[in-house]
Amino acid sequence: MKKLLTVLLLGAIAAPLALADTPAETRTKSFKKILLAFEPMGAVVRGRDPYRKDAFIRQADALSLIAAEPFKHFPANSISGKSRAKPEVWSQPAKFQADKDAFLKSVADLGQAARGGDLDAIKKNYGAVAQSCKSCHDAFRGPEK
């Protein structure tokens, strides 16, 4: 009876762990959330949607809330699976940190511009966020596997 209880207990503990997302899957989901928060602002910046200051501020705030999340999911040796992360993420940690910091600053600057309501400043800061993404992708993101 004790053995059966032990097996059941271990199974109950191990099952959720087996179903848990890998760090690569978790950061991919986090980056997709960033894209979903960022792109509606792009429609405004590109003139496809009308500019509404309050809505844009809410979108910038939503981006700011989730901007740092994916960077929490780059533990050592988490390149396995369907990861697009290049080994340089771990072999060049200072550059990766600098790119992360630049991204987070550009997101904060976009939030400030949104509060200011100057569409030209918003466009400039939106472009800076997009460029920050591109810079990091160029250095640390490989082709899809």
# chains A, B, ... in the order shown; residues from 1 in each chain; ligands from 1
>>> residues_around(residues="stretch 137-142 of chain A", least_positions_apart="2", cutoff="9 Å", atoms="only C-alpha atoms", output="PyMOL selection string")
chain A and resi 83-89+96+132-135+144-145
>>> residues_around(residues="A:Arg27", least_positions_apart="6", cutoff="12 Å", atoms="only C-alpha atoms", output="PyMOL selection string")
chain A and resi 21+33-34+66-75+78-79+82-85
>>> write_last_selection(atoms="N, CA and C atoms", output="tab-separated table (two decimals), in the first residue's frame")
chain	number	residue	atom	x	y	z
A	21	ASP	N	5.75	24.30	-19.80
A	21	ASP	CA	6.48	24.84	-20.94
A	21	ASP	C	7.97	24.89	-20.63
A	33	LYS	N	3.25	38.07	-26.84
A	33	LYS	CA	2.42	39.04	-26.11
A	33	LYS	C	2.92	40.46	-26.35
A	34	ILE	N	4.24	40.61	-26.41
A	34	ILE	CA	4.80	41.93	-26.70
A	34	ILE	C	4.36	42.38	-28.09
A	66	ILE	N	4.60	44.33	-19.77
A	66	ILE	CA	5.07	43.01	-20.16
A	66	ILE	C	6.44	43.01	-20.81
A	67	ALA	N	7.02	44.17	-21.02
A	67	ALA	CA	8.26	44.29	-21.79
A	67	ALA	C	9.42	43.46	-21.23
A	68	ALA	N	9.55	43.38	-19.93
A	68	ALA	CA	10.68	42.67	-19.33
A	68	ALA	C	10.46	41.17	-19.19
A	69	GLU	N	9.22	40.73	-19.34
A	69	GLU	CA	8.87	39.33	-19.07
A	69	GLU	C	9.71	38.30	-19.83
A	70	PRO	N	9.86	38.40	-21.15
A	70	PRO	CA	10.58	37.32	-21.86
A	70	PRO	C	12.03	37.17	-21.41
A	71	PHE	N	12.63	38.25	-20.96
A	71	PHE	CA	14.04	38.22	-20.59
A	71	PHE	C	14.30	37.41	-19.32
A	72	LYS	N	13.23	37.09	-18.60
A	72	LYS	CA	13.35	36.25	-17.41
A	72	LYS	C	13.53	34.78	-17.78
A	73	HIS	N	13.34	34.45	-19.04
A	73	HIS	CA	13.29	33.05	-19.46
A	73	HIS	C	14.46	32.66	-20.37
A	74	PHE	N	15.63	33.14	-20.01
A	74	PHE	CA	16.85	32.77	-20.72
A	74	PHE	C	17.87	32.14	-19.76
A	75	PRO	N	17.45	31.12	-18.99
A	75	PRO	CA	18.42	30.50	-18.10
A	75	PRO	C	19.53	29.80	-18.91
A	78	SER	N	19.38	26.96	-22.12
A	78	SER	CA	17.97	26.81	-22.49
A	78	SER	C	17.78	27.03	-23.99
A	79	ILE	N	18.76	26.63	-24.76
A	79	ILE	CA	18.70	26.79	-26.20
A	79	ILE	C	18.03	25.61	-26.89
A	82	LYS	N	12.58	24.24	-29.65
A	82	LYS	CA	12.27	25.08	-30.79
A	82	LYS	C	12.77	26.51	-30.59
A	83	SER	N	13.80	26.67	-29.83
A	83	SER	CA	14.34	27.99	-29.54
A	83	SER	C	14.98	28.61	-30.77
A	84	ARG	N	14.74	29.89	-30.96
A	84	ARG	CA	15.41	30.63	-32.03
A	84	ARG	C	16.58	31.43	-31.45
A	85	ALA	N	16.80	31.30	-30.17
A	85	ALA	CA	17.90	32.02	-29.54
A	85	ALA	C	19.23	31.47	-30.04
>>> closest_residue(among="A:Trp90, A:Val45, A:Gln59, A:Ala76", to="A:Asn125", atoms="only C-alpha atoms")
A:Val45
>>> closest_residue(among="A:Ala114, A:Ala121, A:Ile57, A:Ala62", to="A:Leu35", atoms="only C-alpha atoms")
A:Ala62
>>> closest_residue(among="A:Thr26, A:Gly111, A:Cys136, A:Ala37", to="A:Gln97", atoms="only C-alpha atoms")
A:Cys136
>>> atom_distance(atom1="atom CA of A:Glu39", atom2="atom CA of A:Leu104")
16.6 Å
>>> select_by_dssp(residues="chain A", states="alpha helix (DSSP H)", output="mmCIF file with C-alpha atoms, in the first residue's frame")
data_model
loop_
_atom_site.group_PDB
_atom_site.id
_atom_site.type_symbol
_atom_site.label_atom_id
_atom_site.label_comp_id
_atom_site.auth_asym_id
_atom_site.auth_seq_id
_atom_site.Cartn_x
_atom_site.Cartn_y
_atom_site.Cartn_z
ATOM 1 C CA LYS A 2 2.847 2.381 0.854
ATOM 2 C CA LYS A 3 4.471 1.729 -2.525
ATOM 3 C CA LEU A 4 1.238 2.445 -4.368
ATOM 4 C CA LEU A 5 0.731 5.669 -2.428
ATOM 5 C CA THR A 6 4.319 6.704 -3.134
ATOM 6 C CA VAL A 7 3.937 6.017 -6.866
ATOM 7 C CA LEU A 8 0.665 7.958 -7.009
ATOM 8 C CA LEU A 9 2.146 10.874 -5.103
ATOM 9 C CA LEU A 10 5.236 11.028 -7.330
ATOM 10 C CA GLY A 11 3.008 10.838 -10.392
ATOM 11 C CA ALA A 12 0.889 13.695 -9.147
ATOM 12 C CA ILE A 13 3.995 15.802 -8.592
ATOM 13 C CA ALA A 14 5.727 14.875 -11.854
ATOM 14 C CA ALA A 15 2.735 15.214 -14.207
ATOM 15 C CA PRO A 16 2.487 19.019 -14.084
ATOM 16 C CA LEU A 17 6.247 19.291 -14.518
ATOM 17 C CA ALA A 18 6.143 17.119 -17.611
ATOM 18 C CA LEU A 19 3.457 19.350 -19.107
ATOM 19 C CA PRO A 23 12.008 28.201 -21.083
ATOM 20 C CA ALA A 24 12.104 28.531 -24.887
ATOM 21 C CA GLU A 25 8.333 28.029 -25.156
ATOM 22 C CA THR A 26 7.663 30.440 -22.310
ATOM 23 C CA ARG A 27 9.815 33.207 -23.769
ATOM 24 C CA THR A 28 8.270 32.677 -27.218
ATOM 25 C CA LYS A 29 4.815 33.150 -25.710
ATOM 26 C CA SER A 30 6.049 36.241 -23.864
ATOM 27 C CA PHE A 31 7.526 37.757 -27.019
ATOM 28 C CA LYS A 32 4.243 37.111 -28.842
ATOM 29 C CA LYS A 33 2.419 39.040 -26.112
ATOM 30 C CA ILE A 34 4.802 41.930 -26.704
ATOM 31 C CA LEU A 35 4.045 41.841 -30.410
ATOM 32 C CA LEU A 36 0.303 41.788 -29.723
ATOM 33 C CA ALA A 37 0.674 44.853 -27.493
ATOM 34 C CA PHE A 38 3.019 46.664 -29.882
ATOM 35 C CA GLU A 39 1.322 46.161 -33.237
ATOM 36 C CA PRO A 40 -1.930 48.077 -32.537
ATOM 37 C CA MET A 41 0.221 51.143 -31.885
ATOM 38 C CA GLY A 42 1.911 50.510 -35.222
ATOM 39 C CA ALA A 43 -1.435 50.741 -36.982
ATOM 40 C CA VAL A 44 -1.862 54.213 -35.478
ATOM 41 C CA VAL A 45 1.712 55.277 -36.276
ATOM 42 C CA LYS A 53 -4.441 59.689 -27.016
ATOM 43 C CA ASP A 54 -6.100 57.773 -24.160
ATOM 44 C CA ALA A 55 -6.162 54.509 -26.097
ATOM 45 C CA PHE A 56 -2.549 54.938 -27.158
ATOM 46 C CA ILE A 57 -1.483 55.567 -23.566
ATOM 47 C CA ARG A 58 -3.275 52.366 -22.482
ATOM 48 C CA GLN A 59 -1.491 50.418 -25.220
ATOM 49 C CA ALA A 60 1.891 51.880 -24.271
ATOM 50 C CA ASP A 61 1.220 51.060 -20.614
ATOM 51 C CA ALA A 62 0.264 47.486 -21.533
ATOM 52 C CA LEU A 63 3.521 47.115 -23.457
ATOM 53 C CA SER A 64 5.474 48.541 -20.552
ATOM 54 C CA LEU A 65 3.929 46.029 -18.145
ATOM 55 C CA ILE A 66 5.067 43.007 -20.155
ATOM 56 C CA GLU A 88 25.428 34.412 -28.359
ATOM 57 C CA VAL A 89 22.662 35.095 -25.808
ATOM 58 C CA TRP A 90 24.786 33.176 -23.302
ATOM 59 C CA SER A 91 28.270 33.750 -24.733
ATOM 60 C CA PRO A 93 25.781 38.297 -21.795
ATOM 61 C CA ALA A 94 26.939 41.932 -21.533
ATOM 62 C CA LYS A 95 25.743 42.711 -25.069
ATOM 63 C CA PHE A 96 22.490 40.843 -24.481
ATOM 64 C CA GLN A 97 21.946 42.850 -21.275
ATOM 65 C CA ALA A 98 22.747 46.102 -23.105
ATOM 66 C CA ASP A 99 20.230 45.272 -25.846
ATOM 67 C CA LYS A 100 17.630 44.371 -23.216
ATOM 68 C CA ASP A 101 18.264 47.649 -21.389
ATOM 69 C CA ALA A 102 17.999 49.615 -24.650
ATOM 70 C CA PHE A 103 14.686 47.915 -25.426
ATOM 71 C CA LEU A 104 13.242 48.621 -21.974
ATOM 72 C CA LYS A 105 14.370 52.257 -22.179
ATOM 73 C CA SER A 106 12.805 52.678 -25.612
ATOM 74 C CA VAL A 107 9.541 51.222 -24.287
ATOM 75 C CA ALA A 108 9.615 53.674 -21.361
ATOM 76 C CA ASP A 109 10.353 56.547 -23.750
ATOM 77 C CA LEU A 110 7.400 55.529 -25.917
ATOM 78 C CA GLY A 111 5.180 55.639 -22.825
ATOM 79 C CA GLN A 112 6.381 59.159 -22.053
ATOM 80 C CA ALA A 113 5.798 60.258 -25.637
ATOM 81 C CA ALA A 114 2.300 58.763 -25.510
ATOM 82 C CA ARG A 115 1.524 60.849 -22.441
ATOM 83 C CA GLY A 116 2.824 63.961 -24.205
ATOM 84 C CA LEU A 119 2.218 62.260 -32.684
ATOM 85 C CA ASP A 120 5.591 63.066 -34.277
ATOM 86 C CA ALA A 121 7.375 62.239 -30.993
ATOM 87 C CA ILE A 122 5.282 59.093 -30.664
ATOM 88 C CA LYS A 123 6.271 57.985 -34.179
ATOM 89 C CA LYS A 124 9.945 58.620 -33.419
ATOM 90 C CA ASN A 125 9.789 56.622 -30.182
ATOM 91 C CA TYR A 126 7.758 53.838 -31.756
ATOM 92 C CA GLY A 127 10.487 53.570 -34.385
ATOM 93 C CA ALA A 128 13.114 53.401 -31.643
ATOM 94 C CA VAL A 129 11.305 50.453 -30.039
ATOM 95 C CA ALA A 130 11.069 48.699 -33.401
ATOM 96 C CA GLN A 131 14.766 49.346 -34.068
ATOM 97 C CA SER A 132 15.641 48.015 -30.628
ATOM 98 C CA CYS A 133 13.753 44.798 -31.401
ATOM 99 C CA LYS A 134 15.501 44.472 -34.753
ATOM 100 C CA SER A 135 18.942 45.065 -33.259
ATOM 101 C CA CYS A 136 18.458 42.336 -30.680
ATOM 102 C CA HIS A 137 16.962 39.948 -33.233
ATOM 103 C CA ASP A 138 19.876 40.522 -35.607
ATOM 104 C CA ALA A 139 22.398 39.692 -32.887
ATOM 105 C CA PHE A 140 20.602 37.030 -30.851
#
